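> Shown below is the structure under consideration.
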Amino acid sequence: QVQLTESGGGLVQPGGSLRLSCSASGFDGEWYDIGWFRQAPGKEREAVSCIRLSVNRILYGDSVKGRFTISVDSSDKDTVHLQMNNLELEDAGIYYCAADPEAWDDNCGMRPHEYQFWGQGTQVAVSS
């Protein structure tokens with residue numbers, strides 16, 4: 001059974017940075033896509049970024065391009081980081097990582113329904 005655990009959330013001022021981590025287990029040698037999503041109160045869950053682990057193919061949501069970077073940990077291939085720089089008030093919310101076996105299409109998924117496994121989320125607050 002795949003299990004995902006997010007960490008690294010917290011309170012930061014606008015313009016600040018945070019690094020979120022998603023630690024995965026249960027991949028059992030199979031290739032997975034990892035997605036980061038976020039959800040603010042009263043809003044739909046929004047795609048932030050995703051990565052296809054087998055080929056390191058990456059996508060970003062338009063609102064975070066140039067500010068956020070997704071990457072695989074250099075010493076633990078089952079841990080994915082989300083480096084968030086120049087945070088804005090609109091970036092606040094609960095951040096979730098998700099995983100799904102790699103599909104036959106070209107890219108990782110940027111829609112919540114494309115992911116079977118989810119972490120419990122980590123809170124990101126942006127406030128001055």
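In the structure tokens, chains take the letters A, B, ... in the order shown, each chain's residues start at 1, and ligands count up from 1 in the order shown.
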Per DSSP on the backbone, what are the strand (DSSP E or B) residues of chain A, as a PyMOL selection string?
chain A and resi 3-7+10-12+18-25+32-39+46-52+57-60+68-72+79-84+93-101+117-118+122-126
> Convert the current residue selection to file output with C-alpha atoms, as a PDB file, in the first residue's frame.

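Writing the result to result.pdb gives the following:
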```
ATOM      1  CA  GLN A   3       1.659   5.875   1.817  1.00  0.00           C
ATOM      2  CA  LEU A   4       2.570   9.543   1.505  1.00  0.00           C
ATOM      3  CA  THR A   5       3.651  11.933   4.225  1.00  0.00           C
ATOM      4  CA  GLU A   6       4.024  15.666   3.699  1.00  0.00           C
ATOM      5  CA  SER A   7       6.137  17.934   5.876  1.00  0.00           C
ATOM      6  CA  GLY A  10       4.410  26.683   8.263  1.00  0.00           C
ATOM      7  CA  LEU A  11       3.861  30.417   8.492  1.00  0.00           C
ATOM      8  CA  VAL A  12       5.876  32.697   6.260  1.00  0.00           C
ATOM      9  CA  LEU A  18       9.345  27.241   2.287  1.00  0.00           C
ATOM     10  CA  ARG A  19      10.361  23.770   1.225  1.00  0.00           C
ATOM     11  CA  LEU A  20       7.764  21.041   1.402  1.00  0.00           C
ATOM     12  CA  SER A  21       8.661  17.374   1.326  1.00  0.00           C
ATOM     13  CA  CYS A  22       6.651  14.324   0.340  1.00  0.00           C
ATOM     14  CA  SER A  23       8.011  11.021   1.601  1.00  0.00           C
ATOM     15  CA  ALA A  24       6.576   7.987  -0.126  1.00  0.00           C
ATOM     16  CA  SER A  25       6.590   4.292   0.657  1.00  0.00           C
ATOM     17  CA  TYR A  32       4.863   6.594 -10.127  1.00  0.00           C
ATOM     18  CA  ASP A  33       3.834  10.142 -10.877  1.00  0.00           C
ATOM     19  CA  ILE A  34       3.895  12.536  -7.931  1.00  0.00           C
ATOM     20  CA  GLY A  35       1.672  15.586  -7.844  1.00  0.00           C
ATOM     21  CA  TRP A  36       1.477  18.550  -5.514  1.00  0.00           C
ATOM     22  CA  PHE A  37      -1.925  20.140  -5.040  1.00  0.00           C
ATOM     23  CA  ARG A  38      -3.212  22.854  -2.754  1.00  0.00           C
ATOM     24  CA  GLN A  39      -6.577  23.868  -1.428  1.00  0.00           C
ATOM     25  CA  GLU A  46      -5.623  23.259  -7.441  1.00  0.00           C
ATOM     26  CA  ALA A  47      -2.684  21.615  -9.164  1.00  0.00           C
ATOM     27  CA  VAL A  48       0.679  23.101  -8.256  1.00  0.00           C
ATOM     28  CA  SER A  49       3.174  20.796  -9.920  1.00  0.00           C
ATOM     29  CA  CYS A  50       3.809  17.194 -10.848  1.00  0.00           C
ATOM     30  CA  ILE A  51       6.740  15.005 -11.760  1.00  0.00           C
ATOM     31  CA  ARG A  52       7.027  11.748 -13.656  1.00  0.00           C
ATOM     32  CA  ARG A  57       9.376  15.184 -16.620  1.00  0.00           C
ATOM     33  CA  ILE A  58       7.844  18.126 -14.783  1.00  0.00           C
ATOM     34  CA  LEU A  59       4.801  20.363 -15.104  1.00  0.00           C
ATOM     35  CA  TYR A  60       3.832  23.501 -13.153  1.00  0.00           C
ATOM     36  CA  PHE A  68       8.178  26.928  -7.281  1.00  0.00           C
ATOM     37  CA  THR A  69      10.494  24.044  -8.092  1.00  0.00           C
ATOM     38  CA  ILE A  70       9.715  20.344  -7.758  1.00  0.00           C
ATOM     39  CA  SER A  71      12.579  17.909  -7.404  1.00  0.00           C
ATOM     40  CA  VAL A  72      13.530  14.415  -6.280  1.00  0.00           C
ATOM     41  CA  THR A  79      11.104  11.752  -1.457  1.00  0.00           C
ATOM     42  CA  VAL A  80       9.967  14.685  -3.568  1.00  0.00           C
ATOM     43  CA  HIS A  81      10.480  18.298  -2.568  1.00  0.00           C
ATOM     44  CA  LEU A  82       8.569  21.411  -3.498  1.00  0.00           C
ATOM     45  CA  GLN A  83      10.712  24.509  -3.101  1.00  0.00           C
ATOM     46  CA  MET A  84       8.457  27.540  -2.875  1.00  0.00           C
ATOM     47  CA  GLY A  93      -3.662  26.690   1.872  1.00  0.00           C
ATOM     48  CA  ILE A  94      -3.261  23.026   2.625  1.00  0.00           C
ATOM     49  CA  TYR A  95      -0.705  21.395   0.363  1.00  0.00           C
ATOM     50  CA  TYR A  96      -1.153  17.754  -0.521  1.00  0.00           C
ATOM     51  CA  CYS A  97       1.085  15.361  -2.349  1.00  0.00           C
ATOM     52  CA  ALA A  98      -0.440  12.591  -4.373  1.00  0.00           C
ATOM     53  CA  ALA A  99       0.815   9.551  -6.233  1.00  0.00           C
ATOM     54  CA  ASP A 100      -0.426   7.320  -8.998  1.00  0.00           C
ATOM     55  CA  PRO A 101       1.211   4.630 -11.101  1.00  0.00           C
ATOM     56  CA  PHE A 117      -3.050   7.943  -3.257  1.00  0.00           C
ATOM     57  CA  TRP A 118      -2.966  11.090  -1.130  1.00  0.00           C
ATOM     58  CA  THR A 122       0.535  20.244   5.349  1.00  0.00           C
ATOM     59  CA  GLN A 123      -0.609  23.793   6.089  1.00  0.00           C
ATOM     60  CA  VAL A 124       1.052  26.765   4.451  1.00  0.00           C
ATOM     61  CA  ALA A 125       0.147  30.190   5.797  1.00  0.00           C
ATOM     62  CA  VAL A 126       1.344  33.420   4.205  1.00  0.00           C
TER      63      VAL A 126
END
```
> Write out as a ChimeraX atom specification each polymer residue whose atoms come within 12 Å of Gln13 of chain A, counting only C-alpha atoms; drop sequence neighbours fewer than 4 positions from it.
/A:17-18,85-92,124-128
> Ranking A:Ala103, A:Lys65, A:Gly15, A:Gly109 by minimum distance to Trp31 of chain A and counting only C-alpha atoms, which one comes first?
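Using only C-alpha atoms, Trp31 of chain A sits closest to A:Ala103.
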